[in-house]
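Structure below is input_7.txt: compact mmCIF, C-alpha atoms.
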# COMPACT_ATOMS: atom_id res chain seq x y z
CA MET A 1 -15.24 -0.62 -6.76
CA LYS A 2 -14.97 -3.06 -9.68
CA LYS A 3 -12.11 -5.56 -9.54
CA ASN A 4 -9.22 -5.61 -12.02
CA ILE A 5 -10.07 -2.09 -13.22
CA TRP A 6 -8.16 1.12 -12.54
CA HIS A 7 -10.18 3.94 -10.94
CA PRO A 8 -9.33 7.62 -10.37
CA VAL A 9 -9.21 8.80 -6.76
CA THR A 10 -11.58 11.64 -5.85
CA PHE A 11 -9.78 14.97 -5.38
CA GLN A 12 -6.41 13.38 -6.19
CA PRO A 13 -5.93 13.74 -9.98
CA GLU A 14 -2.50 12.09 -10.15
CA LEU A 15 -3.66 9.00 -8.22
CA THR A 16 -5.22 5.87 -9.67
CA VAL A 17 -6.13 2.73 -7.74
CA GLY A 18 -6.92 -0.78 -8.92
CA GLN A 19 -8.35 -3.71 -6.98
CA TYR A 20 -7.45 -7.35 -7.48
CA VAL A 21 -8.00 -10.56 -5.51
CA VAL A 22 -5.11 -12.60 -4.07
CA PRO A 23 -5.69 -15.13 -2.54
CA ASN A 24 -9.43 -14.68 -1.84
CA PHE A 25 -8.82 -11.23 -0.35
CA VAL A 26 -9.28 -7.86 -2.05
CA SER A 27 -5.96 -6.07 -2.50
CA ASN A 28 -5.07 -2.68 -3.95
CA SER A 29 -2.44 -1.30 -6.30
CA VAL A 30 -1.80 2.45 -6.37
CA ALA A 31 -0.31 4.34 -9.32
CA ILE A 32 1.06 7.88 -9.10
CA ARG A 33 1.30 9.53 -12.51
CA LEU A 34 4.42 11.64 -12.89
CA SER A 35 3.76 12.04 -16.62
CA ASP A 36 2.11 9.94 -19.33
CA LYS A 37 5.42 8.07 -19.61
CA GLU A 38 6.49 7.76 -15.97
CA PHE A 39 4.73 6.28 -12.95
CA VAL A 40 5.33 5.22 -9.37
CA LEU A 41 3.54 1.91 -8.80
CA TYR A 42 2.87 0.72 -5.24
CA SER A 43 2.19 -3.01 -4.75
CA PRO A 44 1.28 -3.97 -8.35
CA GLY A 45 -1.29 -6.71 -8.95
CA GLU A 46 -0.76 -8.93 -12.00
CA SER A 47 -4.42 -9.02 -13.06
CA LEU A 48 -4.49 -5.20 -13.29
CA LEU A 49 -2.09 -5.22 -16.24
CA ALA A 50 -4.91 -5.97 -18.68
CA SER A 51 -6.78 -2.77 -17.79
CA TRP A 52 -3.75 -0.47 -17.74
CA PRO A 53 -4.70 2.34 -20.19
CA ASP A 54 -3.25 2.02 -23.68
CA LYS A 55 -2.26 5.70 -23.64
CA TRP A 56 0.20 4.85 -20.84
CA ARG A 57 1.75 1.80 -22.53
CA SER A 58 4.57 3.47 -24.46
CA THR A 59 7.60 1.24 -25.01
CA ASP A 60 9.74 3.72 -23.08
CA THR A 61 7.34 4.20 -20.15
CA LYS A 62 9.33 4.17 -16.90
CA MET A 63 7.87 2.27 -13.96
CA HIS A 64 9.17 2.86 -10.44
CA ILE A 65 7.84 -0.24 -8.66
CA ILE A 66 7.57 -0.09 -4.87
CA MET A 67 7.18 -3.34 -2.94
CA PRO A 68 5.71 -2.11 0.36
CA ASN A 69 6.97 -5.05 2.40
CA GLY A 70 8.56 -8.48 2.02
CA PHE A 71 5.25 -10.16 1.13
CA HIS A 72 3.78 -7.79 -1.48
CA TYR A 73 5.59 -8.98 -4.60
CA MET A 74 3.33 -11.50 -6.39
CA GLY A 75 2.46 -9.24 -9.32
CA VAL A 76 5.89 -7.65 -9.74
CA ALA A 77 7.32 -10.11 -12.30
CA ALA A 78 4.44 -9.52 -14.72
CA TRP A 79 4.86 -5.74 -14.55
CA GLN A 80 8.61 -6.08 -15.02
CA THR A 81 8.02 -8.04 -18.19
CA ALA A 82 5.39 -5.62 -19.49
CA PHE A 83 7.56 -2.56 -18.73
CA PRO A 84 11.25 -3.38 -19.25
CA ASN A 85 12.16 0.20 -18.35
CA HIS A 86 11.60 -0.17 -14.63
CA GLN A 87 13.27 0.14 -11.24
CA LEU A 88 12.46 -1.81 -8.08
CA TYR A 89 12.32 -0.29 -4.58
CA ALA A 90 11.80 -1.75 -1.10
CA SER A 91 12.89 -1.17 2.47
CA ASN A 92 16.17 -2.56 3.77
CA ALA A 93 14.23 -4.97 5.99
CA ALA A 94 12.18 -6.33 3.08
CA ILE A 95 14.96 -6.83 0.53
CA PRO A 96 16.48 -10.11 1.88
CA ARG A 97 13.13 -11.91 1.69
CA LEU A 98 12.38 -10.48 -1.76
CA ILE A 99 15.71 -11.82 -3.01
CA LYS A 100 14.95 -15.20 -1.42
CA GLN A 101 11.63 -15.21 -3.31
CA SER A 102 13.51 -14.51 -6.59
CA VAL A 103 11.86 -11.13 -7.16
CA ALA A 104 15.28 -9.92 -8.33
CA PRO A 105 18.55 -11.80 -8.90
CA ALA A 106 20.62 -9.71 -6.48
CA GLU A 107 20.21 -7.11 -3.75
CA SER A 108 21.78 -4.52 -6.04
CA ASP A 109 18.72 -4.80 -8.32
CA ILE A 110 16.42 -3.39 -5.61
CA ILE A 111 17.02 0.15 -4.39
CA PRO A 112 16.65 0.54 -0.61
CA LEU A 113 14.13 3.31 0.00
CA GLU A 114 16.14 4.48 3.00
CA LYS A 115 18.95 5.29 0.58
CA GLN A 116 17.11 6.52 -2.50
CA GLN A 117 13.47 7.18 -3.31
CA PRO A 118 11.65 7.32 -6.64
CA PRO A 119 11.02 10.75 -8.20
CA LEU A 120 7.81 11.42 -6.29
CA PRO A 121 5.98 14.75 -6.64
CA GLU A 122 7.11 17.40 -4.14
CA SER A 123 4.01 16.90 -2.00
CA TYR A 124 4.88 13.21 -1.45
CA SER A 125 7.16 11.51 1.03
CA VAL A 126 7.97 7.95 2.10
CA LEU A 127 7.16 6.88 5.67
CA PHE A 128 8.89 4.05 7.50
CA PRO A 129 6.54 2.79 10.24
CA PRO A 130 8.63 1.00 12.89
CA GLY A 131 7.71 -2.27 14.52
CA HIS A 132 6.98 -4.26 11.32
CA ARG A 133 8.99 -7.44 10.83
CA ALA A 134 8.42 -7.43 7.04
CA GLY A 135 9.71 -3.89 6.53
CA ASP A 136 6.50 -1.99 5.74
CA ILE A 137 6.68 1.36 4.01
CA TRP A 138 3.89 3.90 3.46
CA LEU A 139 3.48 6.88 1.19
CA LYS A 140 2.17 10.25 2.32
CA LYS A 141 0.84 13.15 0.26
CA ASP A 142 0.58 16.58 1.87
CA ASN A 143 -2.64 18.15 0.59
CA GLY A 144 -1.43 21.67 1.43
CA ASP A 145 -4.33 22.43 3.77
CA GLY A 146 -3.09 20.68 6.89
CA SER A 147 -4.49 17.30 5.81
CA SER A 148 -2.87 14.41 3.96
CA VAL A 149 -3.32 11.17 2.06
CA TRP A 150 -1.91 7.95 3.52
CA VAL A 151 -1.09 4.99 1.28
CA THR A 152 -0.48 2.14 3.72
CA CYS A 153 0.43 -1.52 3.51
CA ASP A 154 -0.82 -4.17 5.95
CA SER A 155 -1.25 -2.03 9.07
CA PHE A 156 -4.89 -1.17 8.36
CA LEU A 157 -7.77 -2.95 6.61
CA ASN A 158 -11.01 -1.41 5.40
CA TYR A 159 -13.38 -4.05 4.03
CA GLU A 160 -16.96 -2.84 3.56
CA ARG A 161 -18.31 -6.31 4.32
CA VAL A 162 -17.09 -9.79 5.06
CA SER A 163 -16.03 -11.87 2.07
CA ASN A 164 -18.39 -14.11 0.08
CA GLN A 165 -15.67 -16.77 0.04
CA PRO A 166 -16.26 -19.18 2.96
CA VAL A 167 -12.60 -19.53 3.94
CA ALA A 168 -11.91 -15.80 3.69
CA ARG A 169 -15.14 -14.98 5.56
CA PHE A 170 -14.23 -17.35 8.39
CA ALA A 171 -10.71 -15.89 8.61
CA GLN A 172 -12.00 -12.30 8.64
CA LYS A 173 -14.43 -12.99 11.47
CA LEU A 174 -11.92 -15.00 13.47
CA LEU A 175 -9.19 -12.37 13.14
CA GLY A 176 -11.36 -9.27 13.51
CA ALA A 177 -10.46 -8.13 9.99
CA ALA A 178 -13.88 -7.02 8.71
CA PRO A 179 -16.17 -5.22 8.25
CA GLY A 180 -15.00 -1.62 8.51
CA LEU A 181 -11.71 -0.02 9.46
CA LYS A 182 -9.62 -2.61 11.33
CA ILE A 183 -6.22 -3.70 12.57
CA SER A 184 -6.40 -7.49 12.28
CA GLN A 185 -5.05 -9.98 14.80
CA VAL A 186 -2.63 -11.24 12.13
CA VAL A 187 -1.08 -7.78 11.90
CA LYS A 188 -1.07 -7.35 15.67
CA TRP A 189 0.52 -10.68 16.57
CA PHE A 190 2.52 -11.75 13.52
CA ILE A 191 3.31 -8.83 11.20
CA MET A 192 4.26 -6.43 13.98
CA ASN A 193 7.26 -7.27 16.13
CA ASN A 194 7.08 -4.14 18.30
CA ARG A 195 3.49 -3.00 18.77
CA LYS A 196 4.37 -0.41 21.41
CA LEU A 197 6.88 1.30 19.16
CA PHE A 198 4.48 1.32 16.22
CA LYS A 199 1.64 2.65 18.37
CA GLN A 200 3.72 5.57 19.64
CA TRP A 201 4.96 6.39 16.16
CA ALA A 202 1.54 6.04 14.49
CA LEU A 203 -0.24 8.29 16.99
CA GLN A 204 2.39 10.99 16.60
CA GLN A 205 2.37 10.68 12.80
CA LEU A 206 -1.41 10.84 12.85
CA ALA A 207 -1.35 14.07 14.87
CA ASN A 208 1.19 15.56 12.45
CA ASP A 209 -0.39 14.44 9.15
CA LYS A 210 -4.14 14.49 9.85
CA PRO A 211 -4.95 12.10 6.98
CA THR A 212 -8.41 12.50 5.45
CA THR A 213 -7.79 9.82 2.80
CA LEU A 214 -6.57 6.31 3.61
CA MET A 215 -5.61 3.95 0.79
CA PRO A 216 -4.82 0.63 2.48
CA SER A 217 -3.37 -2.34 0.61
CA HIS A 218 -6.48 -4.35 1.51
CA GLY A 219 -10.08 -3.11 1.36
CA GLU A 220 -11.69 0.13 0.29
CA ILE A 221 -10.42 3.69 0.22
CA ALA A 222 -11.59 5.75 3.21
CA GLN A 223 -12.16 9.48 2.57
CA THR A 224 -13.61 11.51 5.42
CA ASP A 225 -12.68 14.50 7.58
CA ALA A 226 -13.33 12.25 10.58
CA LEU A 227 -10.57 9.80 9.56
CA PRO A 228 -7.91 11.08 12.02
CA GLU A 229 -10.24 10.50 14.97
CA GLN A 230 -11.29 7.10 13.61
CA LEU A 231 -7.70 5.95 13.19
CA GLU A 232 -6.71 7.27 16.61
CA ASP A 233 -9.53 5.35 18.27
CA LEU A 234 -8.64 2.22 16.30
CA ILE A 235 -4.95 2.36 17.20
CA LYS A 236 -5.64 2.94 20.88
CA GLN A 237 -8.25 0.18 21.06
CA ARG A 238 -6.44 -2.51 19.08
CA LEU A 239 -2.85 -1.90 20.16

Would you mind writing the structure in this file as C-alpha cells?
Amino acid sequence: MKKNIWHPVTFQPELTVGQYVVPNFVSNSVAIRLSDKEFVLYSPGESLLASWPDKWRSTDTKMHIIMPNGFHYMGVAAWQTAFPNHQLYASNAAIPRLIKQSVAPAESDIIPLEKQQPPLPESYSVLFPPGHRAGDIWLKKDNGDGSSVWVTCDSFLNYERVSNQPVARFAQKLLGAAPGLKISQVVKWFIMNNRKLFKQWALQQLANDKPTTLMPSHGEIAQTDALPEQLEDLIKQRL
C-alpha cells in the first residue's frame, strides 16, 4: 500500500485507510464515511491531509476524531486546523495524558467514549479492551454474516516485512514485532498493565466477533477467513 495516500478497503465501501510513517514505523489512519460531509476519523496522520479527496473538503464537513489511546495524537492538531467543525473523542484513561500533551485545552473539549460515542453506522460499535495503561479503544463492524471487522490500536501489528530503516529494523527484530501478525514485546510488557485480563477478554471477544478483517494501527490490513484462528493462536502464544 502506498504511503500518504488514502485507499478503499475491499468489501467495506464506507471504509478508507491511509498509511503514514511516524517515527520510522508505518502507521494507519481509518476514515468511516457517514456522508460526503461527515466522517469518523480514527488516529489521523498529519501527512495524509494532503491526499484527502477534494470532494470531501467542504467548509462545513464534520470530523469526529477518535484518539485510540493516550499516544496516538500527533496528527490531530493538523486535522483540527483543516476541519474547524470537529469533535474529539478518547477513552477516560487516555484523556489526562492527551490534555498534558496539549491536544486540547481542557478535559471538557474531549468527549469520553464511555459516555458518548460518535454517530457511527448501526453496524459499528466501540470496544474497550481492558488491561491497557494508555486507554486503548477499538472499533468493530458487524458484517451481518457472523463475521466482523476489527479496527485496533497497538495490541496487534501486521508488518509484511521488517523495515528498511536500520533503527526500526533492529527494534522490530529485538521486540518480535515483524514480519507478520504479531503482539510485540513493547505491547506485552509496557503498554499492557494486565495481560491476563486482556487475554481473557480478547479470546472471548474473538469467539463472539469472528473478525475476518483486521485493521491495526501499525502494519498492513489482514483480510482472511482464517483470521480468527490466527489471532487466537497469537494471543495464546504471546500472552

Q) Excluding same-chain residues fewer than 6 positions from segment 125-142 of chain A, what lies within 7 Å of it counting all atoms listed in the file, as number ranges by chain? A) A: 68-70, 91, 93-94, 148-153, 191-195, 197-198

**Q.** Long-range neighbours of Asn28 of chain A as JSON, numbers by chain, 12 Å cut-off, all atoms listed in the file, 2 positions minimum in chain
**A.** {"A": [1, 2, 3, 4, 5, 6, 7, 16, 17, 18, 19, 20, 21, 22, 25, 26, 30, 31, 41, 42, 43, 44, 45, 46, 47, 48, 68, 72, 75, 151, 152, 153, 154, 157, 158, 159, 214, 215, 216, 217, 218, 219, 220, 221]}

Keeping only C-alpha atoms, write those residues as a compact mmCIF listing (two decimals), in the frame of the given file.
# COMPACT_ATOMS: atom_id res chain seq x y z
CA MET A 1 -15.24 -0.62 -6.76
CA LYS A 2 -14.97 -3.06 -9.68
CA LYS A 3 -12.11 -5.56 -9.54
CA ASN A 4 -9.22 -5.61 -12.02
CA ILE A 5 -10.07 -2.09 -13.22
CA TRP A 6 -8.16 1.12 -12.54
CA HIS A 7 -10.18 3.94 -10.94
CA THR A 16 -5.22 5.87 -9.67
CA VAL A 17 -6.13 2.73 -7.74
CA GLY A 18 -6.92 -0.78 -8.92
CA GLN A 19 -8.35 -3.71 -6.98
CA TYR A 20 -7.45 -7.35 -7.48
CA VAL A 21 -8.00 -10.56 -5.51
CA VAL A 22 -5.11 -12.60 -4.07
CA PHE A 25 -8.82 -11.23 -0.35
CA VAL A 26 -9.28 -7.86 -2.05
CA VAL A 30 -1.80 2.45 -6.37
CA ALA A 31 -0.31 4.34 -9.32
CA LEU A 41 3.54 1.91 -8.80
CA TYR A 42 2.87 0.72 -5.24
CA SER A 43 2.19 -3.01 -4.75
CA PRO A 44 1.28 -3.97 -8.35
CA GLY A 45 -1.29 -6.71 -8.95
CA GLU A 46 -0.76 -8.93 -12.00
CA SER A 47 -4.42 -9.02 -13.06
CA LEU A 48 -4.49 -5.20 -13.29
CA PRO A 68 5.71 -2.11 0.36
CA HIS A 72 3.78 -7.79 -1.48
CA GLY A 75 2.46 -9.24 -9.32
CA VAL A 151 -1.09 4.99 1.28
CA THR A 152 -0.48 2.14 3.72
CA CYS A 153 0.43 -1.52 3.51
CA ASP A 154 -0.82 -4.17 5.95
CA LEU A 157 -7.77 -2.95 6.61
CA ASN A 158 -11.01 -1.41 5.40
CA TYR A 159 -13.38 -4.05 4.03
CA LEU A 214 -6.57 6.31 3.61
CA MET A 215 -5.61 3.95 0.79
CA PRO A 216 -4.82 0.63 2.48
CA SER A 217 -3.37 -2.34 0.61
CA HIS A 218 -6.48 -4.35 1.51
CA GLY A 219 -10.08 -3.11 1.36
CA GLU A 220 -11.69 0.13 0.29
CA ILE A 221 -10.42 3.69 0.22

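Going from atom CA of Trp52 of chain A over to atom CA of Met74 of chain A, you cover 17.3 Å.
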
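Between atom CA of Leu239 of chain A and atom CA of Ile183 of chain A the interatomic distance comes to 8.5 Å.
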
Q.
I need the residue nearest Ile65 of chain A from this list: A:Pro8, A:Pro228, A:Pro118, A:Pro13. Use only C-alpha atoms for the distance.
A.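 Of A:Pro8, A:Pro228, A:Pro118, A:Pro13, the one nearest Ile65 of chain A is A:Pro118, counting only C-alpha atoms.
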
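Pairwise distance (atom CA of Gln237 of chain A, atom CA of Ser27 of chain A) equals 24.5 Å.
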
Q. Do you know which residues lie at most 9 Å from (6.3, 11.0, -13.5), with coordinates as in the file and all atoms listed in the file counted, and could you write them as a list in words?
A. Ile32, Arg33, Leu34, Ser35, Asp36, Lys37, Glu38, Phe39, Val40, Lys62, Met63, Pro119, Leu120 and Pro121 of chain A

(Q) Which residues are near Asn143 of chain A? Cut-off 10 Å, only C-alpha atoms, ignore same chain within fewer than 2 positions. Put them as a PyMOL selection string. (A) chain A and resi 11-12+123-124+140-141+145-149+209+211-212

Q.
Given all atoms listed in the file as the basis, pick out the residue of A:Asn92, A:Ser155, A:Gln230, A:Asn208 nearest to Ser184 of chain A.
A.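 Closest to Ser184 of chain A of all the choices is A:Ser155.
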
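Distance check against Leu15 of chain A using only C-alpha atoms: of A:Trp201, A:Thr213, A:Ile99, A:Arg238, the minimum falls on A:Thr213.
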